[in-house]
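Next comes query_9.cif, a file with mmCIF, C-alpha atoms and all ligand atoms.
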```cif
data_final
#
loop_
_atom_site.label_atom_id
_atom_site.label_comp_id
_atom_site.auth_asym_id
_atom_site.auth_seq_id
_atom_site.Cartn_x
_atom_site.Cartn_y
_atom_site.Cartn_z
CA MET A 1 -0.10 -31.10 -65.92
CA HIS A 2 0.76 -33.79 -63.44
CA ARG A 3 -1.89 -32.98 -60.90
CA VAL A 4 -3.43 -36.16 -59.69
CA GLY A 5 -6.02 -35.04 -57.21
CA GLU A 6 -7.46 -32.32 -55.04
CA HIS A 7 -8.25 -32.35 -51.34
CA LYS A 8 -11.90 -32.07 -50.46
CA ALA A 9 -13.11 -28.58 -49.57
CA ASN A 10 -13.11 -27.83 -45.83
CA THR A 11 -11.50 -31.11 -44.86
CA LYS A 12 -7.95 -30.37 -45.84
CA THR A 13 -5.21 -32.06 -43.94
CA ALA A 14 -1.90 -30.65 -42.85
CA SER A 15 -0.30 -29.99 -46.25
CA MET A 16 -3.40 -28.45 -47.85
CA THR A 17 -1.72 -28.28 -51.23
CA ASN A 18 -2.92 -29.71 -54.51
CA GLU A 19 -1.53 -33.18 -54.67
CA ILE A 20 1.04 -33.47 -57.40
CA ALA A 21 2.78 -36.58 -58.60
CA GLN A 22 5.60 -37.85 -56.41
CA PRO A 23 8.96 -37.33 -58.08
CA SER A 24 10.91 -40.11 -59.70
CA ASP A 25 14.38 -40.14 -61.19
CA ASP A 26 14.54 -37.77 -64.16
CA ASN A 27 18.32 -37.94 -64.59
CA MET A 28 18.84 -34.46 -63.20
CA ILE A 29 20.54 -33.39 -60.01
CA CYS A 30 18.75 -34.46 -56.84
CA PRO A 31 20.62 -33.25 -53.72
CA GLU A 32 20.39 -35.23 -50.49
CA ALA A 33 18.41 -33.92 -47.55
CA GLY A 34 17.85 -35.09 -43.99
CA SER A 35 14.63 -36.91 -43.18
CA TRP A 36 13.55 -33.94 -41.03
CA THR A 37 13.23 -31.93 -44.26
CA GLU A 38 9.68 -33.26 -44.61
CA ASP A 39 8.85 -31.67 -41.25
CA LYS A 40 10.13 -28.35 -42.52
CA HIS A 41 8.20 -28.64 -45.77
CA ARG A 42 4.97 -29.53 -43.98
CA VAL A 43 4.97 -26.35 -41.90
CA VAL A 44 6.15 -24.05 -44.70
CA ALA A 45 3.64 -25.42 -47.24
CA LEU A 46 0.80 -25.25 -44.75
CA TYR A 47 1.65 -21.69 -43.81
CA ALA A 48 2.03 -20.70 -47.48
CA THR A 49 -1.46 -22.07 -48.15
CA MET A 50 -2.95 -20.26 -45.18
CA PHE A 51 -1.18 -17.05 -46.20
CA SER A 52 -2.23 -17.27 -49.83
CA LYS A 53 -5.82 -18.09 -48.95
CA GLY A 54 -6.10 -15.76 -45.95
CA MET A 55 -4.62 -12.74 -47.77
CA LYS A 56 -6.36 -13.24 -51.12
CA ALA A 57 -9.35 -11.03 -50.36
CA LYS A 58 -7.20 -8.34 -48.74
CA TRP A 59 -4.46 -7.90 -51.34
CA ASP A 60 -4.60 -7.62 -55.11
CA LYS A 61 -1.44 -9.70 -55.58
CA ARG A 62 0.41 -12.23 -53.45
CA VAL A 63 4.02 -13.04 -54.29
CA TYR A 64 6.15 -15.96 -53.05
CA VAL A 65 9.95 -15.69 -52.91
CA GLU A 66 12.58 -18.31 -52.07
CA LEU A 67 16.13 -17.14 -51.49
CA TYR A 68 17.66 -20.66 -51.34
CA ALA A 69 15.44 -22.49 -53.77
CA GLY A 70 17.36 -25.72 -54.41
CA ALA A 71 16.88 -28.05 -57.39
CA GLY A 72 13.16 -28.82 -57.09
CA TYR A 73 13.67 -32.43 -55.93
CA SER A 74 15.74 -33.93 -53.18
CA ARG A 75 16.45 -37.42 -51.95
CA ILE A 76 16.17 -38.37 -48.29
CA ARG A 77 19.66 -39.32 -47.14
CA GLY A 78 20.22 -43.06 -46.74
CA THR A 79 17.05 -43.92 -48.71
CA GLN A 80 15.79 -43.94 -52.29
CA LYS A 81 12.88 -41.68 -51.36
CA MET A 82 12.63 -38.57 -53.52
CA ILE A 83 10.62 -35.58 -52.35
CA LEU A 84 9.37 -32.37 -53.93
CA GLY A 85 11.34 -29.28 -52.99
CA SER A 86 9.75 -26.33 -51.23
CA PRO A 87 9.39 -24.27 -54.48
CA LEU A 88 7.21 -26.97 -56.10
CA GLN A 89 5.20 -27.34 -52.91
CA ALA A 90 4.63 -23.57 -52.88
CA LEU A 91 3.52 -23.68 -56.51
CA ALA A 92 0.98 -26.34 -55.57
CA VAL A 93 -0.77 -24.27 -52.87
CA GLU A 94 -4.41 -23.54 -53.43
CA PRO A 95 -5.09 -20.76 -54.30
CA PRO A 96 -1.70 -20.24 -55.97
CA PHE A 97 0.32 -17.06 -55.52
CA ASP A 98 0.22 -14.55 -58.39
CA LYS A 99 3.98 -14.63 -58.87
CA TYR A 100 6.92 -16.77 -57.72
CA ILE A 101 10.58 -15.72 -57.52
CA PHE A 102 13.27 -18.35 -56.99
CA CYS A 103 16.93 -17.56 -56.28
CA GLU A 104 19.55 -20.32 -56.30
CA ALA A 105 23.35 -20.05 -56.23
CA ILE A 106 24.25 -23.25 -58.12
CA SER A 107 23.35 -23.08 -61.78
CA GLU A 108 22.89 -26.87 -62.16
CA ASN A 109 20.30 -26.73 -59.37
CA LEU A 110 18.54 -23.76 -60.90
CA GLU A 111 18.41 -25.36 -64.36
CA ALA A 112 16.90 -28.53 -62.87
CA LEU A 113 14.40 -26.44 -60.90
CA LYS A 114 13.31 -24.60 -64.06
CA ILE A 115 12.66 -27.86 -65.92
CA ARG A 116 10.78 -29.39 -62.99
CA VAL A 117 8.67 -26.27 -62.45
CA THR A 118 7.73 -26.21 -66.12
CA ARG A 119 6.88 -29.91 -66.03
CA TYR A 120 4.34 -29.48 -63.21
CA PHE A 121 3.26 -25.83 -63.61
CA PRO A 122 3.76 -24.80 -67.24
CA THR A 123 1.65 -21.65 -66.95
CA ALA A 124 2.84 -20.34 -63.57
CA ASN A 125 4.34 -16.86 -63.41
CA VAL A 126 7.89 -17.61 -62.21
CA ALA A 127 11.04 -15.47 -62.22
CA TYR A 128 14.44 -17.07 -61.61
CA VAL A 129 17.43 -15.26 -60.15
CA GLU A 130 20.73 -17.12 -60.41
CA GLY A 131 23.49 -16.47 -57.89
CA ASP A 132 24.14 -15.59 -54.27
CA CYS A 133 20.96 -14.10 -52.81
CA ASP A 134 23.02 -11.69 -50.74
CA LEU A 135 24.61 -10.30 -53.89
CA ARG A 136 21.40 -10.40 -55.91
CA ALA A 137 19.06 -8.91 -53.31
CA SER A 138 18.29 -5.80 -55.43
CA ASP A 139 17.48 -7.97 -58.45
CA ILE A 140 15.15 -10.12 -56.35
CA LEU A 141 13.51 -6.94 -55.05
CA GLY A 142 13.21 -5.74 -58.65
CA GLU A 143 11.13 -8.83 -59.49
CA ILE A 144 8.57 -8.03 -56.76
CA PRO A 145 5.85 -5.83 -58.26
CA PRO A 146 6.13 -2.46 -56.46
CA GLY A 147 2.41 -2.23 -55.71
CA SER A 148 0.27 0.87 -55.34
CA LYS A 149 -2.96 1.95 -53.69
CA ASP A 150 -4.94 0.39 -56.55
CA ASN A 151 -2.76 -2.69 -56.89
CA THR A 152 -1.67 -3.82 -53.45
CA VAL A 153 1.06 -6.49 -53.20
CA LEU A 154 1.98 -8.68 -50.25
CA THR A 155 4.99 -11.00 -50.40
CA LEU A 156 5.98 -14.11 -48.44
CA CYS A 157 9.70 -14.85 -48.56
CA PHE A 158 11.17 -18.17 -47.39
CA ALA A 159 14.90 -18.20 -46.56
CA ASP A 160 16.17 -21.77 -46.24
CA PRO A 161 19.97 -21.66 -45.92
CA PHE A 162 22.23 -24.52 -44.78
CA ASP A 163 23.96 -22.30 -42.25
CA ILE A 164 23.86 -18.82 -40.72
CA GLY A 165 25.33 -17.36 -43.92
CA LEU A 166 22.19 -15.36 -44.73
CA LYS A 167 23.14 -11.70 -44.45
CA PHE A 168 20.78 -9.43 -42.57
CA GLY A 169 21.37 -6.75 -45.22
CA THR A 170 19.45 -8.96 -47.67
CA ILE A 171 16.44 -9.10 -45.36
CA LYS A 172 16.72 -5.35 -44.90
CA THR A 173 16.74 -4.73 -48.66
CA LEU A 174 13.68 -6.90 -49.25
CA SER A 175 11.86 -5.46 -46.23
CA SER A 176 11.63 -2.11 -48.00
CA ARG A 177 8.49 -3.69 -49.52
CA LEU A 178 5.63 -5.40 -47.70
CA VAL A 179 7.37 -8.72 -47.16
CA ASP A 180 6.78 -11.34 -44.48
CA PHE A 181 9.63 -13.77 -43.89
CA ILE A 182 9.87 -17.40 -42.92
CA VAL A 183 13.52 -17.84 -41.94
CA LEU A 184 15.32 -21.06 -41.14
CA LEU A 185 17.69 -20.13 -38.32
CA ALA A 186 20.46 -22.74 -38.46
CA VAL A 187 21.58 -21.83 -34.97
CA TYR A 188 22.01 -25.39 -33.74
CA SER A 189 23.28 -27.21 -36.82
CA ASP A 190 25.72 -24.52 -37.83
CA ALA A 191 26.29 -21.87 -35.21
CA ASN A 192 26.44 -24.17 -32.20
CA ARG A 193 28.91 -26.55 -33.81
CA ALA A 194 30.93 -23.65 -35.10
CA TYR A 195 30.67 -21.72 -31.84
CA ARG A 196 34.38 -21.40 -31.25
CA ARG A 197 35.05 -20.30 -34.79
CA TYR A 198 32.28 -17.71 -34.87
CA VAL A 199 32.73 -16.27 -31.43
CA MET A 200 36.46 -16.54 -31.00
CA GLU A 201 37.87 -16.21 -34.48
CA ASP A 202 35.63 -15.32 -37.39
CA ALA A 203 32.85 -13.36 -35.77
CA VAL A 204 32.10 -11.46 -38.98
CA LYS A 205 29.67 -14.19 -39.98
CA VAL A 206 27.54 -13.58 -36.87
CA ASP A 207 27.80 -9.80 -37.35
CA GLN A 208 26.47 -10.17 -40.89
CA PHE A 209 23.74 -12.63 -39.89
CA LEU A 210 22.45 -10.31 -37.17
CA GLY A 211 23.27 -7.02 -38.88
CA SER A 212 24.99 -5.99 -35.64
CA SER A 213 28.49 -5.79 -34.23
CA THR A 214 27.36 -5.17 -30.65
CA TRP A 215 26.00 -8.67 -29.95
CA ARG A 216 29.20 -9.80 -28.18
CA ASP A 217 28.46 -7.47 -25.24
CA ARG A 218 24.98 -8.94 -24.90
CA TRP A 219 26.36 -12.47 -25.34
CA ARG A 220 28.71 -12.02 -22.36
CA ILE A 221 25.70 -11.19 -20.18
CA ALA A 222 23.56 -13.99 -21.67
CA GLU A 223 26.35 -16.52 -21.22
CA ALA A 224 26.72 -15.54 -17.56
CA ASP A 225 22.96 -16.19 -17.24
CA ALA A 226 23.51 -19.71 -18.66
CA ILE A 227 21.59 -18.95 -21.88
CA LEU A 228 22.55 -21.31 -24.68
CA PHE A 229 24.28 -19.79 -27.70
CA PRO A 230 21.68 -21.03 -30.25
CA LYS A 231 18.83 -19.53 -28.25
CA PHE A 232 20.76 -16.31 -27.83
CA LEU A 233 21.32 -16.08 -31.59
CA ALA A 234 17.68 -16.78 -32.44
CA SER A 235 16.52 -14.09 -30.01
CA GLU A 236 19.07 -11.65 -31.37
CA PHE A 237 17.88 -12.31 -34.92
CA ALA A 238 14.28 -11.65 -33.84
CA ALA A 239 15.42 -8.43 -32.14
CA SER A 240 17.13 -7.37 -35.39
CA MET A 241 13.84 -7.99 -37.24
CA GLU A 242 12.10 -5.70 -34.74
CA THR A 243 14.43 -2.87 -35.80
CA LEU A 244 12.82 -3.21 -39.27
CA GLY A 245 9.31 -2.86 -37.83
CA TYR A 246 8.51 -6.58 -37.52
CA LEU A 247 6.45 -7.75 -34.55
CA PRO A 248 8.25 -9.62 -31.77
CA THR A 249 8.78 -13.34 -32.44
CA PRO A 250 9.71 -15.05 -29.18
CA ILE A 251 11.51 -18.41 -29.30
CA HIS A 252 8.43 -20.34 -28.18
CA LYS A 253 6.70 -19.16 -31.40
CA MET A 254 9.48 -20.69 -33.51
CA LYS A 255 9.35 -24.28 -34.70
CA ARG A 256 12.36 -26.26 -33.51
CA VAL A 257 13.34 -29.04 -35.89
CA SER A 258 15.48 -31.93 -34.63
CA SER A 259 17.28 -34.81 -36.31
CA ASP A 260 15.34 -38.06 -36.39
CA GLU A 261 18.18 -40.34 -35.40
CA LYS A 262 19.46 -38.72 -32.23
CA ASN A 263 16.74 -36.11 -31.71
CA LEU A 264 19.41 -33.41 -31.71
CA PRO A 265 18.06 -29.91 -32.35
CA LEU A 266 19.10 -28.57 -35.77
CA TYR A 267 17.34 -25.28 -36.39
CA TYR A 268 14.38 -23.03 -35.74
CA ILE A 269 11.88 -21.99 -38.38
CA ALA A 270 10.50 -18.56 -37.56
CA LEU A 271 7.90 -16.26 -39.06
CA PHE A 272 8.41 -12.51 -39.09
CA SER A 273 5.56 -10.20 -40.00
CA ARG A 274 4.41 -6.66 -39.32
CA ASN A 275 0.84 -7.94 -39.22
CA LYS A 276 -0.82 -9.65 -36.25
CA LEU A 277 -3.08 -11.69 -38.56
CA ALA A 278 -0.01 -13.39 -40.04
CA LEU A 279 1.26 -14.31 -36.57
CA ASP A 280 -2.13 -15.86 -35.79
CA LEU A 281 -1.96 -17.91 -39.00
CA TRP A 282 1.54 -19.04 -38.03
CA ASP A 283 0.22 -20.28 -34.67
CA ASP A 284 -2.29 -22.39 -36.60
CA ALA A 285 0.38 -23.64 -39.01
CA LEU A 286 2.55 -24.75 -36.08
CA LYS A 287 -0.38 -26.47 -34.44
CA TYR A 288 -1.78 -28.23 -37.50
CA GLY A 289 1.57 -28.75 -39.24
CA THR A 290 3.04 -30.45 -36.21
CA ASP A 291 0.34 -32.75 -34.93
CA GLN A 292 -1.17 -33.41 -38.38
CA THR A 293 -4.67 -32.75 -37.06
CA ALA A 294 -7.11 -31.98 -39.86
CA PHE A 295 -7.37 -28.25 -40.48
CA HIS A 296 -10.75 -26.76 -41.42
CA TRP A 297 -11.32 -23.51 -43.26
CA ASP A 298 -14.68 -22.32 -42.00
C1 LIG B 301 18.62 -26.31 -47.89
S1 LIG B 301 18.82 -26.14 -49.61
C2 LIG B 301 17.26 -25.50 -50.10
C3 LIG B 301 16.25 -26.50 -50.36
C4 LIG B 301 14.87 -26.00 -50.73
N1 LIG B 301 14.48 -24.79 -50.04
C5 LIG B 301 13.89 -27.11 -50.41
O1 LIG B 301 13.51 -27.23 -49.24
O2 LIG B 301 13.53 -27.83 -51.33
C6 LIG B 301 19.77 -24.71 -49.78
C7 LIG B 301 20.02 -24.29 -51.22
O3 LIG B 301 20.57 -22.97 -51.21
C8 LIG B 301 21.57 -22.88 -52.20
N2 LIG B 301 22.42 -21.78 -51.75
C9 LIG B 301 23.44 -21.81 -50.86
N3 LIG B 301 23.91 -20.57 -50.64
C10 LIG B 301 23.15 -19.73 -51.39
C11 LIG B 301 23.14 -18.33 -51.58
N4 LIG B 301 24.01 -17.53 -50.94
N5 LIG B 301 22.21 -17.78 -52.40
C12 LIG B 301 21.32 -18.59 -53.05
N6 LIG B 301 21.30 -19.93 -52.91
C13 LIG B 301 22.20 -20.49 -52.11
C14 LIG B 301 22.22 -24.23 -52.22
O4 LIG B 301 22.84 -24.47 -53.46
C15 LIG B 301 21.02 -25.15 -51.96
O5 LIG B 301 20.45 -25.56 -53.17
#
```

Once more with this new file: its structure as C-alpha cells, please.
Ligand SMILES: C[S@@+](CC[C@H](N)C(=O)[O-])C[C@H]1O[C@@H](n2cnc3c(N)ncnc32)[C@H](O)[C@@H]1O
Amino acid sequence: MHRVGEHKANTKTASMTNEIAQPSDDNMICPEAGSWTEDKHRVVALYATMFSKGMKAKWDKRVYVELYAGAGYSRIRGTQKMILGSPLQALAVEPPFDKYIFCEAISENLEALKIRVTRYFPTANVAYVEGDCDLRASDILGEIPPGSKDNTVLTLCFADPFDIGLKFGTIKTLSSRLVDFIVLLAVYSDANRAYRRYVMEDAVKVDQFLGSSTWRDRWRIAEADAILFPKFLASEFAASMETLGYLPTPIHKMKRVSSDEKNLPLYYIALFSRNKLALDLWDDALKYGTDQTAFHWD
C-alpha cells in the first residue's frame, strides 16, 4: 500500500480523500490534461467522499462507476507534473465504495489503469469494462449489483468525456437502477467550437447527446432570445434527465470550468439525482471544492 497519511477527523480539507503517494514516471502511458483538470478532480473527489460517507448508513452497498476512466495518471500539459486520475482519487475516498467499475475505450489506457489501481489498492473490488461505454452500457449495468429490499445498492456514476459524444441512451440504460450521475457537459469546449458542424451539418451528435430530435425547434426560439448555444445545450441535457425522473438541475447549480490561460469556459460539471439529499451534498461540494474552505463533518 502506498498510503502515506490520513487527514485528521473532522478537519478535512477540500479533497477529503486518503492521501496517496503522488505519481511518478512508471514507464506506462500518461496522457496529457489541461491544468484545469485539477479543478474538476477536486469537486468530483469531494462529492464522491460526501456521497460515500453520507449514504453509508442509508444503503447496504455504494458503487462507483466511471464511463471514461482514462489511464490512472495524467500529466499537466506544458509541465512535468503528474497527477492521479479520477478513478484512483475515487478509490482513495474515505470510507471507500463497496465496488468500483471502470470503463475505458483504449486498451493501453485500461491496462495502465489496472496496474496502477493494483499498485495502490490491491484489495479493492474493481471491475473493468474495455470498450466504448455507449456500446458496453449493458455490460456496465451488469456489473452493478441489482440490489433488493435486504441489500440496497446506490451507485454514483461519473461521465468524463472529451466532447459531447456521450449518448443519452447510455445514461438511460444505467438509470434503470438507482444511479446518480456526475456528467461533464463539454458544451463550450466541443459543442460551441463545433457549432456549425453540429447544428448545420451533422446534428445527429446533438440528437444522440440529448436523446431528442426536437431540440432544433427549441433552439430557434432560444437563439431568438439571445441564449448562448452552450447554455441551451446544458439546459436541454438537464431537461432530458428530468424525463428519467431526475430532479431539475439548473445551470447555476452546475460547476463551470474555464481554461487557466485565457479564462475561456470549457465545460460544466453537473450532478443529477432523484434524491434531494444528494443535491444538498452537491451544493456543499461546489462551495467547499471551489473556495477550498475547510469542510467539517459534524
Ligand atoms: C477526459 S479522459 C478521462 C480522464 C479521467 N476521468 C480522469 O479524470 O482521470 C477521457 C477518457 O475517455 C476515453 N474514452 C473516449 N471515448 C470513450 C468511450 N466512448 N467509452 C469509453 N471511454 C472513452 C479516452 O480514451 C480517455 O481516456

Need to verify the contact set: A:Pro87, 10 Å, only C-alpha atoms, exclusion of same-chain residues closer than 6 positions in sequence. Can you return it as a PDB file with C-alpha atoms, in the frame of the given file?
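Written output follows (part-v6.pdb):
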```pdb
ATOM      1  CA  HIS A  41       8.200 -28.640 -45.770  1.00  0.00           C
ATOM      2  CA  ALA A  45       3.640 -25.420 -47.240  1.00  0.00           C
ATOM      3  CA  TYR A  64       6.150 -15.960 -53.050  1.00  0.00           C
ATOM      4  CA  VAL A  65       9.950 -15.690 -52.910  1.00  0.00           C
ATOM      5  CA  GLU A  66      12.580 -18.310 -52.070  1.00  0.00           C
ATOM      6  CA  TYR A  68      17.660 -20.660 -51.340  1.00  0.00           C
ATOM      7  CA  ALA A  69      15.440 -22.490 -53.770  1.00  0.00           C
ATOM      8  CA  GLY A  70      17.360 -25.720 -54.410  1.00  0.00           C
ATOM      9  CA  ALA A  71      16.880 -28.050 -57.390  1.00  0.00           C
ATOM     10  CA  GLY A  72      13.160 -28.820 -57.090  1.00  0.00           C
ATOM     11  CA  TYR A  73      13.670 -32.430 -55.930  1.00  0.00           C
ATOM     12  CA  TYR A 100       6.920 -16.770 -57.720  1.00  0.00           C
ATOM     13  CA  ILE A 101      10.580 -15.720 -57.520  1.00  0.00           C
ATOM     14  CA  PHE A 102      13.270 -18.350 -56.990  1.00  0.00           C
ATOM     15  CA  LEU A 113      14.400 -26.440 -60.900  1.00  0.00           C
ATOM     16  CA  VAL A 117       8.670 -26.270 -62.450  1.00  0.00           C
ATOM     17  CA  PHE A 158      11.170 -18.170 -47.390  1.00  0.00           C
TER      18      PHE A 158
END
```

Rows by chain and residue number, chain A within 7 Å of ligand LIG 301 (chain B), shortest pair, all atoms listed in the file, as CSV:
```
residue,atom,partner,partner_atom,distance
A:Thr37,CA,B:LIG301,O1,6.9
A:His41,CA,B:LIG301,O1,6.5
A:Leu67,CA,B:LIG301,C12,5.6
A:Tyr68,CA,B:LIG301,O3,3.7
A:Ala69,CA,B:LIG301,N1,4.5
A:Gly70,CA,B:LIG301,O5,3.3
A:Ala71,CA,B:LIG301,O5,6.1
A:Gly72,CA,B:LIG301,O2,5.9
A:Tyr73,CA,B:LIG301,O2,6.5
A:Ser74,CA,B:LIG301,O2,6.7
A:Leu84,CA,B:LIG301,O2,6.7
A:Gly85,CA,B:LIG301,O2,3.1
A:Ser86,CA,B:LIG301,O2,4.1
A:Pro87,CA,B:LIG301,O2,6.3
A:Cys103,CA,B:LIG301,C12,5.5
A:Glu104,CA,B:LIG301,N6,3.8
A:Ala105,CA,B:LIG301,N6,3.9
A:Ile106,CA,B:LIG301,O4,5.0
A:Asn109,CA,B:LIG301,O5,6.3
A:Gly131,CA,B:LIG301,C12,5.7
A:Asp132,CA,B:LIG301,N5,3.5
A:Cys133,CA,B:LIG301,N5,3.9
A:Asp134,CA,B:LIG301,N4,5.9
A:Asp160,CA,B:LIG301,N1,5.1
A:Pro161,CA,B:LIG301,C6,4.9
A:Phe162,CA,B:LIG301,C1,5.1
A:Leu166,CA,B:LIG301,N4,6.8
```

For C-alpha atoms, I'd like the residues from the last selection saved as an mmCIF file, in the frame of the given file.
```cif
data_model
loop_
_atom_site.group_PDB
_atom_site.id
_atom_site.type_symbol
_atom_site.label_atom_id
_atom_site.label_comp_id
_atom_site.auth_asym_id
_atom_site.auth_seq_id
_atom_site.Cartn_x
_atom_site.Cartn_y
_atom_site.Cartn_z
ATOM 1 C CA THR A 37 13.230 -31.930 -44.260
ATOM 2 C CA HIS A 41 8.200 -28.640 -45.770
ATOM 3 C CA LEU A 67 16.130 -17.140 -51.490
ATOM 4 C CA TYR A 68 17.660 -20.660 -51.340
ATOM 5 C CA ALA A 69 15.440 -22.490 -53.770
ATOM 6 C CA GLY A 70 17.360 -25.720 -54.410
ATOM 7 C CA ALA A 71 16.880 -28.050 -57.390
ATOM 8 C CA GLY A 72 13.160 -28.820 -57.090
ATOM 9 C CA TYR A 73 13.670 -32.430 -55.930
ATOM 10 C CA SER A 74 15.740 -33.930 -53.180
ATOM 11 C CA LEU A 84 9.370 -32.370 -53.930
ATOM 12 C CA GLY A 85 11.340 -29.280 -52.990
ATOM 13 C CA SER A 86 9.750 -26.330 -51.230
ATOM 14 C CA PRO A 87 9.390 -24.270 -54.480
ATOM 15 C CA CYS A 103 16.930 -17.560 -56.280
ATOM 16 C CA GLU A 104 19.550 -20.320 -56.300
ATOM 17 C CA ALA A 105 23.350 -20.050 -56.230
ATOM 18 C CA ILE A 106 24.250 -23.250 -58.120
ATOM 19 C CA ASN A 109 20.300 -26.730 -59.370
ATOM 20 C CA GLY A 131 23.490 -16.470 -57.890
ATOM 21 C CA ASP A 132 24.140 -15.590 -54.270
ATOM 22 C CA CYS A 133 20.960 -14.100 -52.810
ATOM 23 C CA ASP A 134 23.020 -11.690 -50.740
ATOM 24 C CA ASP A 160 16.170 -21.770 -46.240
ATOM 25 C CA PRO A 161 19.970 -21.660 -45.920
ATOM 26 C CA PHE A 162 22.230 -24.520 -44.780
ATOM 27 C CA LEU A 166 22.190 -15.360 -44.730
#
```

Counting all atoms listed in the file, what are the residues of stretch 107-151 of chain A within 12 Å of stretch 89-93 of chain A, and for each of them which pair of atoms is the nearest and at what distance in Å, to one decimal? Sort the table by chain and rising number, as a tab-separated table.
```
residue	atom	partner	partner_atom	distance
A:Arg116	CA	A:Leu91	CA	11.3
A:Val117	CA	A:Leu91	CA	8.3
A:Thr118	CA	A:Leu91	CA	10.8
A:Arg119	CA	A:Leu91	CA	11.9
A:Tyr120	CA	A:Leu91	CA	8.9
A:Phe121	CA	A:Leu91	CA	7.4
A:Pro122	CA	A:Leu91	CA	10.8
A:Thr123	CA	A:Leu91	CA	10.8
A:Ala124	CA	A:Leu91	CA	7.8
A:Asn125	CA	A:Leu91	CA	9.7
A:Val126	CA	A:Leu91	CA	9.4
```

Open item on the list: Can you measure atom CA of A:Ala194 to atom CA of A:Gln208 for me? One decimal in Å is fine.
Closed with: 15.3 Å

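Atom CA of A:Val44 sits 25.2 Å away from atom CA of A:Asp26.
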
- [ ] For atom CA of A:Ala57 and atom CA of A:Thr155, quote the distance in Å rounded to one decimal.
- [x] 14.3 Å

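Shortest atom-to-atom contact with A:Phe168 among A:Val199, A:Leu244, A:Ala224, A:Ala127: A:Leu244, counting only C-alpha atoms.
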
Open item on the list: I need the residue nearest A:Asp25 from this list: A:Leu286, A:Ala239, A:Leu228, A:Arg75. Use only C-alpha atoms for the distance.
Closed with: A:Arg75

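Shortest separation to A:Ser273 among A:Asp217, A:Asp163, A:Gly147, A:Leu154 occurs at residue A:Leu154, atoms counted being all atoms listed in the file.
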
Write a file for stretch 184-197 of chain A of the given structure; include N, CA and C atoms and format it as a compact mmCIF listing (two decimals), in the first residue's frame.
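File written: part01.txt
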```txt
# COMPACT_ATOMS: atom_id res chain seq x y z
N LEU A 184 -19.82 15.49 -17.10
CA LEU A 184 -19.09 16.63 -17.66
C LEU A 184 -19.76 16.97 -18.99
N LEU A 185 -20.31 18.17 -19.07
CA LEU A 185 -21.02 18.61 -20.27
C LEU A 185 -20.07 19.50 -21.07
N ALA A 186 -19.45 18.93 -22.09
CA ALA A 186 -18.41 19.65 -22.85
C ALA A 186 -19.05 20.59 -23.85
N VAL A 187 -19.95 21.43 -23.35
CA VAL A 187 -20.75 22.26 -24.25
C VAL A 187 -20.01 23.50 -24.74
N TYR A 188 -18.96 23.88 -24.03
CA TYR A 188 -18.16 25.01 -24.53
C TYR A 188 -17.01 24.50 -25.37
N SER A 189 -16.22 23.56 -24.79
CA SER A 189 -15.00 23.14 -25.46
C SER A 189 -15.31 22.42 -26.76
N ASP A 190 -16.38 21.67 -26.79
CA ASP A 190 -16.67 20.90 -28.00
C ASP A 190 -17.82 21.52 -28.79
N ALA A 191 -18.99 21.58 -28.16
CA ALA A 191 -20.18 21.94 -28.93
C ALA A 191 -20.13 23.36 -29.45
N ASN A 192 -19.57 24.29 -28.67
CA ASN A 192 -19.56 25.67 -29.12
C ASN A 192 -18.63 25.84 -30.32
N ARG A 193 -17.44 25.23 -30.20
CA ARG A 193 -16.49 25.32 -31.31
C ARG A 193 -17.06 24.64 -32.55
N ALA A 194 -17.76 23.55 -32.31
CA ALA A 194 -18.24 22.75 -33.43
C ALA A 194 -19.69 23.12 -33.80
N TYR A 195 -20.09 24.30 -33.36
CA TYR A 195 -21.50 24.71 -33.52
C TYR A 195 -22.01 24.53 -34.95
N ARG A 196 -21.25 25.04 -35.88
CA ARG A 196 -21.72 24.98 -37.27
C ARG A 196 -21.91 23.54 -37.71
N ARG A 197 -20.92 22.74 -37.34
CA ARG A 197 -20.96 21.33 -37.78
C ARG A 197 -22.18 20.62 -37.17
```
